[in-house]
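K.L.:
Okay, handing you the structure first.
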Amino acid sequence: MPGDVERIHIHLFENLTREPLLENSLTTQLSDLFTRRSNVRLVPVEDAEAELSGRIRSYDSRAIAYAEDDLISKYRASMVVEVRLLHGETQALLWDGTVRWQTEYNAAADKMLQGDEERRAQEELARRLAEEIYFRLLDDF
């Protein structure tokens, strides 16, 4: 982390998509990573040496495979997130970047099951994007 930051605050990411709750999953996954793997402590904003925030710019789910009967058999979900790390006191930009990830999930005839599959894909996207953000932050410094 830049400047030997030891205390960070992670703001709830802004969700610019129409898909609800993506911001909760991503912020939670990122907070969990910092709690489990890092020497950096999560603290309230007033105690932070740096503040991490971001925006979920896009979420998309598209059909990518079809069965013989011309029904959709597989989807690809993708998400794009912009991230910024600011100095806690001066608000100077310490790091920014854009991360993308995609994953696939199976279609289901039962719409409830398909909804469950898409939610699992969204959780995987949040986990993978959180890891990408975490490692980029640590690798860049």
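Naming works like this for the structure tokens: A, B, ... for the chains as they're shown, residue 1 at the start of each chain, ligands 1 onward in shown order.
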Per residue of stretch 63-107 of chain A within 10 Å of stretch 123-136 of chain A, note the shortest atom pair and the distance in Å to one decimal, counting only C-alpha atoms, and order the rows by chain and increasing residue number, as JSON lines.

P.N.:
```
{"residue": "A:Ala77", "atom": "CA", "partner": "A:Leu125", "partner_atom": "CA", "distance": 8.1}
{"residue": "A:Ser78", "atom": "CA", "partner": "A:Leu125", "partner_atom": "CA", "distance": 7.3}
{"residue": "A:Met79", "atom": "CA", "partner": "A:Leu125", "partner_atom": "CA", "distance": 7.0}
{"residue": "A:Val80", "atom": "CA", "partner": "A:Leu129", "partner_atom": "CA", "distance": 8.7}
{"residue": "A:Val81", "atom": "CA", "partner": "A:Leu129", "partner_atom": "CA", "distance": 8.0}
{"residue": "A:Glu82", "atom": "CA", "partner": "A:Ile133", "partner_atom": "CA", "distance": 9.6}
{"residue": "A:Val83", "atom": "CA", "partner": "A:Ile133", "partner_atom": "CA", "distance": 7.8}
{"residue": "A:Arg84", "atom": "CA", "partner": "A:Ile133", "partner_atom": "CA", "distance": 10.0}
{"residue": "A:Trp95", "atom": "CA", "partner": "A:Arg136", "partner_atom": "CA", "distance": 9.6}
{"residue": "A:Asp96", "atom": "CA", "partner": "A:Arg136", "partner_atom": "CA", "distance": 9.8}
{"residue": "A:Gly97", "atom": "CA", "partner": "A:Ile133", "partner_atom": "CA", "distance": 8.4}
{"residue": "A:Thr98", "atom": "CA", "partner": "A:Ile133", "partner_atom": "CA", "distance": 8.7}
{"residue": "A:Val99", "atom": "CA", "partner": "A:Leu129", "partner_atom": "CA", "distance": 6.8}
{"residue": "A:Arg100", "atom": "CA", "partner": "A:Leu129", "partner_atom": "CA", "distance": 6.9}
{"residue": "A:Trp101", "atom": "CA", "partner": "A:Leu125", "partner_atom": "CA", "distance": 6.4}
{"residue": "A:Gln102", "atom": "CA", "partner": "A:Leu125", "partner_atom": "CA", "distance": 6.6}
{"residue": "A:Thr103", "atom": "CA", "partner": "A:Leu125", "partner_atom": "CA", "distance": 6.8}
{"residue": "A:Glu104", "atom": "CA", "partner": "A:Glu124", "partner_atom": "CA", "distance": 9.8}
```

K.L.:
Excluding A:Leu93 and residues on its chain fewer than 4 positions from it, collect all residues at most 12 Å away from it, counting only C-alpha atoms, and give them as a PDB file with N, CA and C atoms, in the first residue's frame.

P.N.:
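Now in around.pdb:
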```pdb
ATOM      1  N   PRO A   2       0.447   2.287  -0.633  1.00  0.00           N
ATOM      2  CA  PRO A   2       1.266   3.504  -0.704  1.00  0.00           C
ATOM      3  C   PRO A   2       1.441   4.154   0.664  1.00  0.00           C
ATOM      4  N   ALA A  50      -6.301   5.969   4.374  1.00  0.00           N
ATOM      5  CA  ALA A  50      -6.697   5.934   2.964  1.00  0.00           C
ATOM      6  C   ALA A  50      -8.140   5.458   2.880  1.00  0.00           C
ATOM      7  N   GLU A  51      -8.815   5.902   1.811  1.00  0.00           N
ATOM      8  CA  GLU A  51     -10.208   5.526   1.583  1.00  0.00           C
ATOM      9  C   GLU A  51     -10.334   4.882   0.212  1.00  0.00           C
ATOM     10  N   LEU A  52     -10.967   3.719   0.185  1.00  0.00           N
ATOM     11  CA  LEU A  52     -11.181   2.988  -1.062  1.00  0.00           C
ATOM     12  C   LEU A  52     -12.652   3.109  -1.441  1.00  0.00           C
ATOM     13  N   SER A  53     -12.904   3.509  -2.684  1.00  0.00           N
ATOM     14  CA  SER A  53     -14.278   3.624  -3.158  1.00  0.00           C
ATOM     15  C   SER A  53     -14.327   3.192  -4.619  1.00  0.00           C
ATOM     16  N   VAL A  83     -12.296   1.866  -9.628  1.00  0.00           N
ATOM     17  CA  VAL A  83     -11.879   1.917  -8.230  1.00  0.00           C
ATOM     18  C   VAL A  83     -10.921   3.077  -8.016  1.00  0.00           C
ATOM     19  N   ARG A  84     -11.017   3.710  -6.834  1.00  0.00           N
ATOM     20  CA  ARG A  84     -10.114   4.808  -6.465  1.00  0.00           C
ATOM     21  C   ARG A  84      -9.673   4.638  -5.019  1.00  0.00           C
ATOM     22  N   LEU A  85      -8.404   4.897  -4.792  1.00  0.00           N
ATOM     23  CA  LEU A  85      -7.852   4.940  -3.440  1.00  0.00           C
ATOM     24  C   LEU A  85      -7.378   6.366  -3.200  1.00  0.00           C
ATOM     25  N   LEU A  86      -7.954   7.004  -2.185  1.00  0.00           N
ATOM     26  CA  LEU A  86      -7.621   8.389  -1.860  1.00  0.00           C
ATOM     27  C   LEU A  86      -6.944   8.472  -0.507  1.00  0.00           C
ATOM     28  N   HIS A  87      -6.040   9.418  -0.371  1.00  0.00           N
ATOM     29  CA  HIS A  87      -5.417   9.696   0.924  1.00  0.00           C
ATOM     30  C   HIS A  87      -6.520  10.174   1.862  1.00  0.00           C
ATOM     31  N   GLY A  88      -6.543   9.652   3.078  1.00  0.00           N
ATOM     32  CA  GLY A  88      -7.622   9.959   4.008  1.00  0.00           C
ATOM     33  C   GLY A  88      -7.720  11.419   4.391  1.00  0.00           C
ATOM     34  N   GLU A  89      -6.605  12.069   4.577  1.00  0.00           N
ATOM     35  CA  GLU A  89      -6.614  13.458   5.033  1.00  0.00           C
ATOM     36  C   GLU A  89      -6.687  14.459   3.882  1.00  0.00           C
ATOM     37  N   GLY A  97      -8.074   2.581 -10.966  1.00  0.00           N
ATOM     38  CA  GLY A  97      -8.028   1.561 -12.012  1.00  0.00           C
ATOM     39  C   GLY A  97      -9.416   1.053 -12.336  1.00  0.00           C
TER      40      GLY A  97
END
```

K.L.:
I'd like the neighbourhood of A:Leu16 as a list in words, where a residue qualifies if any of its atoms comes within 7 Å (using only C-alpha atoms), though same-chain residues fewer than 5 positions away should be ignored.

P.N.:
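Listing them by chain and then by number gives Arg55, Ile56, Arg57 and Ser58 of chain A.
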
K.L.:
Any idea what's packed within 10 Å of A:Ala65, counting only C-alpha atoms, ignoring anything in its chain fewer than 2 positions away? Could you give it as a compact mmCIF listing (two decimals) with N, CA and C atoms, in the first residue's frame?

P.N.:
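The new file part21.txt reads:
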```txt
# COMPACT_ATOMS: atom_id res chain seq x y z
N ARG A 62 -25.57 -12.29 -20.98
CA ARG A 62 -25.99 -12.58 -22.36
C ARG A 62 -25.91 -14.08 -22.64
N ALA A 63 -26.82 -14.52 -23.49
CA ALA A 63 -26.80 -15.91 -23.94
C ALA A 63 -25.57 -16.15 -24.80
N ALA A 67 -28.99 -24.94 -27.15
CA ALA A 67 -29.17 -26.39 -27.29
C ALA A 67 -29.74 -26.68 -28.68
N ASP A 70 -32.85 -25.05 -29.93
CA ASP A 70 -32.74 -23.60 -30.08
C ASP A 70 -33.07 -22.83 -28.79
N LEU A 71 -33.03 -23.53 -27.67
CA LEU A 71 -33.21 -22.87 -26.38
C LEU A 71 -31.84 -22.52 -25.81
N ILE A 72 -31.78 -21.43 -25.06
CA ILE A 72 -30.52 -21.00 -24.46
C ILE A 72 -30.06 -22.05 -23.46
N SER A 73 -28.78 -22.43 -23.53
CA SER A 73 -28.23 -23.40 -22.58
C SER A 73 -27.19 -22.80 -21.64
N LYS A 74 -26.62 -21.64 -22.02
CA LYS A 74 -25.57 -21.05 -21.20
C LYS A 74 -25.56 -19.53 -21.37
N TYR A 75 -25.24 -18.86 -20.26
CA TYR A 75 -25.11 -17.40 -20.26
C TYR A 75 -23.71 -17.00 -19.82
N ARG A 76 -23.31 -15.79 -20.20
CA ARG A 76 -22.07 -15.19 -19.71
C ARG A 76 -22.45 -13.90 -18.99
N ASN A 106 -25.19 -21.82 -16.27
CA ASN A 106 -26.13 -22.60 -17.07
C ASN A 106 -27.53 -22.02 -17.02
N ALA A 107 -28.23 -22.16 -18.13
CA ALA A 107 -29.64 -21.80 -18.18
C ALA A 107 -30.45 -22.92 -17.55
```
